[in-house]
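**Student:** Contents of entry_18.pdb (PDB, C-alpha atoms and all ligand atoms):
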ATOM      1  CA  MET I   1      24.112  69.928 109.305
ATOM      2  CA  SER I   2      26.679  69.092 106.714
ATOM      3  CA  VAL I   3      29.749  66.984 107.016
ATOM      4  CA  SER I   4      32.800  68.883 108.091
ATOM      5  CA  GLY I   5      35.792  68.531 105.855
ATOM      6  CA  LEU I   6      37.096  69.379 102.449
ATOM      7  CA  CYS I   7      36.021  68.022  99.132
ATOM      8  CA  GLU I   8      38.641  65.460  98.344
ATOM      9  CA  VAL I   9      38.483  66.302  94.668
ATOM     10  CA  CYS I  10      38.701  70.104  94.627
ATOM     11  CA  GLN I  11      39.534  70.824  98.287
ATOM     12  CA  GLN I  12      36.749  73.294  98.764
ATOM     13  CA  PRO I  13      35.370  73.357 102.313
ATOM     14  CA  ASP I  14      31.731  73.073 101.390
ATOM     15  CA  VAL I  15      31.119  69.363 101.271
ATOM     16  CA  ASP I  16      27.685  67.866 101.637
ATOM     17  CA  TYR I  17      28.077  64.334 100.409
ATOM     18  CA  THR I  18      29.875  61.155 101.214
ATOM     19  CA  CYS I  19      30.495  58.727  98.413
ATOM     20  CA  ASP I  20      28.597  55.491  98.932
ATOM     21  CA  ARG I  21      31.314  53.532  97.247
ATOM     22  CA  CYS I  22      34.669  54.871  98.397
ATOM     23  CA  GLY I  23      33.504  56.956 101.331
ATOM     24  CA  GLN I  24      35.331  60.135 100.489
ATOM     25  CA  LEU I  25      33.799  63.514 101.135
ATOM     26  CA  VAL I  26      32.846  65.492  98.094
ATOM     27  CA  CYS I  27      31.016  68.681  97.197
ATOM     28  CA  ASP I  28      27.894  68.673  95.106
ATOM     29  CA  ARG I  29      29.912  69.368  92.004
ATOM     30  CA  HIS I  30      31.817  66.172  92.472
ATOM     31  CA  TYR I  31      28.969  63.968  93.544
ATOM     32  CA  ASP I  32      26.578  62.112  91.305
ATOM     33  CA  GLU I  33      23.274  62.113  93.109
ATOM     34  CA  GLU I  34      21.767  59.591  90.726
ATOM     35  CA  ALA I  35      24.455  57.059  91.340
ATOM     36  CA  GLY I  36      25.155  58.069  94.921
ATOM     37  CA  VAL I  37      28.877  58.084  94.353
ATOM     38  CA  CYS I  38      31.607  60.613  93.700
ATOM     39  CA  VAL I  39      32.724  61.543  90.212
ATOM     40  CA  GLU I  40      35.784  59.378  90.547
ATOM     41  CA  CYS I  41      33.677  56.317  91.191
ATOM     42  CA  THR I  42      31.310  57.374  88.445
ATOM     43  CA  ALA I  43      34.251  57.338  86.090
ATOM     44  CA  GLU I  44      35.377  53.972  87.380
ATOM     45  CA  LEU I  45      31.928  52.541  86.963
ATOM     46  CA  GLY I  46      31.968  53.667  83.382
ATOM     47  CA  ARG I  47      28.904  55.823  83.293
ATOM     48  CA  SER I  48      26.340  57.350  85.555
ATOM     49  CA  GLY I  49      22.879  55.952  85.907
ATOM     50  CA  GLY I  50      21.655  52.677  87.259
ATOM     51  CA  ALA I  51      20.334  52.761  90.760
ATOM     52  CA  GLY I  52      21.088  49.114  91.333
ATOM     53  CA  GLU I  53      24.325  47.210  91.514
ATOM     54  CA  GLY I  54      24.546  46.150  87.923
ATOM     55  CA  SER I  55      21.695  43.707  88.123
ATOM     56  CA  ASP I  56      19.319  45.888  86.187
ATOM     57  CA  GLU I  57      18.558  45.231  82.600
ATOM     58  CA  ASP I  58      19.673  47.736  80.044
ATOM     59  CA  LEU I  59      17.372  50.656  79.721
ATOM     60  CA  PRO I  60      16.262  51.904  76.343
ATOM     61  CA  ASP I  61      18.687  54.414  74.966
ATOM     62  CA  GLY I  62      17.995  57.939  76.105
ATOM     63  CA  VAL I  63      15.348  56.935  78.594
ATOM     64  CA  ASP I  64      15.963  57.277  82.276
ATOM     65  CA  THR I  65      13.733  56.580  85.211
ATOM     66  CA  TYR I  66      13.526  60.048  86.604
ATOM     67  CA  GLU I  67       9.881  60.193  87.487
ATOM     68  CA  LEU I  68       9.113  60.742  91.113
TER      69      LEU I  68
HETATM   70 ZN    ZN U   1      34.628  69.246  94.783
HETATM   71 ZN    ZN U   2      33.824  57.446  95.339
END
As structure tokens, what does this structure read like?

**Tutor:**
Amino acid sequence: MSVSGLCEVCQQPDVDYTCDRCGQLVCDRHYDEEAGVCVECTAELGRSGGAGEGSDEDLPDGVDTYEL
């Protein structure tokens, strides 16, 4: 099921995600599913969005690639 442990941001015991970047366990409130990283890494990276590793071209303002 889910990972056992506490969210390393808010310490709540209901964590479901592991940050792809720093590897810490976080709850859904502290995980950015788009970026695949925790909120701390999101902040470090500057902004959310961008599925790649910075090799993507800038997207038009206000337009995201959300379509499934
Ligand atoms: Zn949390
Ligand atoms: Zn992280």

**Student:** Which residues are near ligand ZN 1 (chain U) in this structure, taking near to mean any atom at most 12 Å from a ligand atom and counting all atoms listed in the file? Format them as a PDB file with C-alpha atoms, keeping the file's coordinate frame.

**Tutor:**
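Final output, pocket-v7.pdb:
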ATOM      1  CA  GLY I   5      35.792  68.531 105.855  1.00  0.00           C
ATOM      2  CA  LEU I   6      37.096  69.379 102.449  1.00  0.00           C
ATOM      3  CA  CYS I   7      36.021  68.022  99.132  1.00  0.00           C
ATOM      4  CA  GLU I   8      38.641  65.460  98.344  1.00  0.00           C
ATOM      5  CA  VAL I   9      38.483  66.302  94.668  1.00  0.00           C
ATOM      6  CA  CYS I  10      38.701  70.104  94.627  1.00  0.00           C
ATOM      7  CA  GLN I  11      39.534  70.824  98.287  1.00  0.00           C
ATOM      8  CA  GLN I  12      36.749  73.294  98.764  1.00  0.00           C
ATOM      9  CA  PRO I  13      35.370  73.357 102.313  1.00  0.00           C
ATOM     10  CA  ASP I  14      31.731  73.073 101.390  1.00  0.00           C
ATOM     11  CA  VAL I  15      31.119  69.363 101.271  1.00  0.00           C
ATOM     12  CA  ASP I  16      27.685  67.866 101.637  1.00  0.00           C
ATOM     13  CA  TYR I  17      28.077  64.334 100.409  1.00  0.00           C
ATOM     14  CA  THR I  18      29.875  61.155 101.214  1.00  0.00           C
ATOM     15  CA  CYS I  19      30.495  58.727  98.413  1.00  0.00           C
ATOM     16  CA  GLN I  24      35.331  60.135 100.489  1.00  0.00           C
ATOM     17  CA  LEU I  25      33.799  63.514 101.135  1.00  0.00           C
ATOM     18  CA  VAL I  26      32.846  65.492  98.094  1.00  0.00           C
ATOM     19  CA  CYS I  27      31.016  68.681  97.197  1.00  0.00           C
ATOM     20  CA  ASP I  28      27.894  68.673  95.106  1.00  0.00           C
ATOM     21  CA  ARG I  29      29.912  69.368  92.004  1.00  0.00           C
ATOM     22  CA  HIS I  30      31.817  66.172  92.472  1.00  0.00           C
ATOM     23  CA  TYR I  31      28.969  63.968  93.544  1.00  0.00           C
ATOM     24  CA  ASP I  32      26.578  62.112  91.305  1.00  0.00           C
ATOM     25  CA  CYS I  38      31.607  60.613  93.700  1.00  0.00           C
ATOM     26  CA  VAL I  39      32.724  61.543  90.212  1.00  0.00           C
ATOM     27  CA  GLU I  40      35.784  59.378  90.547  1.00  0.00           C
TER      28      GLU I  40
END

**Student:** Give me the box for region 35-48 of chain I as lines of an AutoDock Vina configuration file, namely the centre and edge lengths in Å to one decimal of a box along x, y and z that holds every listed atom plus 6 Å on each side.

**Tutor:**
center_x = 30.1
center_y = 57.0
center_z = 89.1
size_x = 23.3
size_y = 21.0
size_z = 23.6

**Student:** Using only C-alpha atoms and all ligand atoms, which residue out of I:Ala43, I:Asp64, I:Arg21, I:Ala35 lies closest to ligand ZN 2 (chain U)?

**Tutor:**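 Using only C-alpha atoms and all ligand atoms, ligand ZN 2 (chain U) sits closest to I:Arg21.
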
**Student:** Could you rebuild region 16-33 of chain I with N, CA and C atoms and give it back as a tab-separated table (two decimals), in the coordinates of the input?

**Tutor:**
chain	number	residue	atom	x	y	z
I	16	ASP	N	28.99	68.29	101.15
I	16	ASP	CA	27.68	67.87	101.64
I	16	ASP	C	27.43	66.39	101.42
I	17	TYR	N	28.33	65.72	100.77
I	17	TYR	CA	28.08	64.33	100.41
I	17	TYR	C	29.23	63.42	100.77
I	18	THR	N	28.87	62.19	101.03
I	18	THR	CA	29.88	61.16	101.21
I	18	THR	C	29.62	60.08	100.17
I	19	CYS	N	30.63	59.74	99.46
I	19	CYS	CA	30.50	58.73	98.41
I	19	CYS	C	30.09	57.39	99.02
I	20	ASP	N	29.08	56.78	98.44
I	20	ASP	CA	28.60	55.49	98.93
I	20	ASP	C	29.59	54.38	98.64
I	21	ARG	N	30.45	54.62	97.71
I	21	ARG	CA	31.31	53.53	97.25
I	21	ARG	C	32.69	53.60	97.90
I	22	CYS	N	33.32	54.78	97.85
I	22	CYS	CA	34.67	54.87	98.40
I	22	CYS	C	34.71	55.63	99.72
I	23	GLY	N	33.61	56.31	100.03
I	23	GLY	CA	33.50	56.96	101.33
I	23	GLY	C	34.17	58.30	101.45
I	24	GLN	N	34.69	58.83	100.38
I	24	GLN	CA	35.33	60.14	100.49
I	24	GLN	C	34.30	61.25	100.47
I	25	LEU	N	34.68	62.37	101.08
I	25	LEU	CA	33.80	63.51	101.14
I	25	LEU	C	33.94	64.33	99.86
I	26	VAL	N	32.81	64.70	99.31
I	26	VAL	CA	32.85	65.49	98.09
I	26	VAL	C	31.77	66.56	98.10
I	27	CYS	N	32.02	67.63	97.34
I	27	CYS	CA	31.02	68.68	97.20
I	27	CYS	C	29.98	68.26	96.16
I	28	ASP	N	28.96	69.06	96.03
I	28	ASP	CA	27.89	68.67	95.11
I	28	ASP	C	28.35	68.64	93.66
I	29	ARG	N	29.40	69.38	93.38
I	29	ARG	CA	29.91	69.37	92.00
I	29	ARG	C	30.63	68.06	91.67
I	30	HIS	N	31.06	67.40	92.70
I	30	HIS	CA	31.82	66.17	92.47
I	30	HIS	C	31.09	64.95	93.00
I	31	TYR	N	29.80	65.08	93.07
I	31	TYR	CA	28.97	63.97	93.54
I	31	TYR	C	27.86	63.72	92.54
I	32	ASP	N	27.64	62.48	92.22
I	32	ASP	CA	26.58	62.11	91.30
I	32	ASP	C	25.40	61.61	92.13
I	33	GLU	N	24.40	62.46	92.25
I	33	GLU	CA	23.27	62.11	93.11
I	33	GLU	C	22.50	60.90	92.59
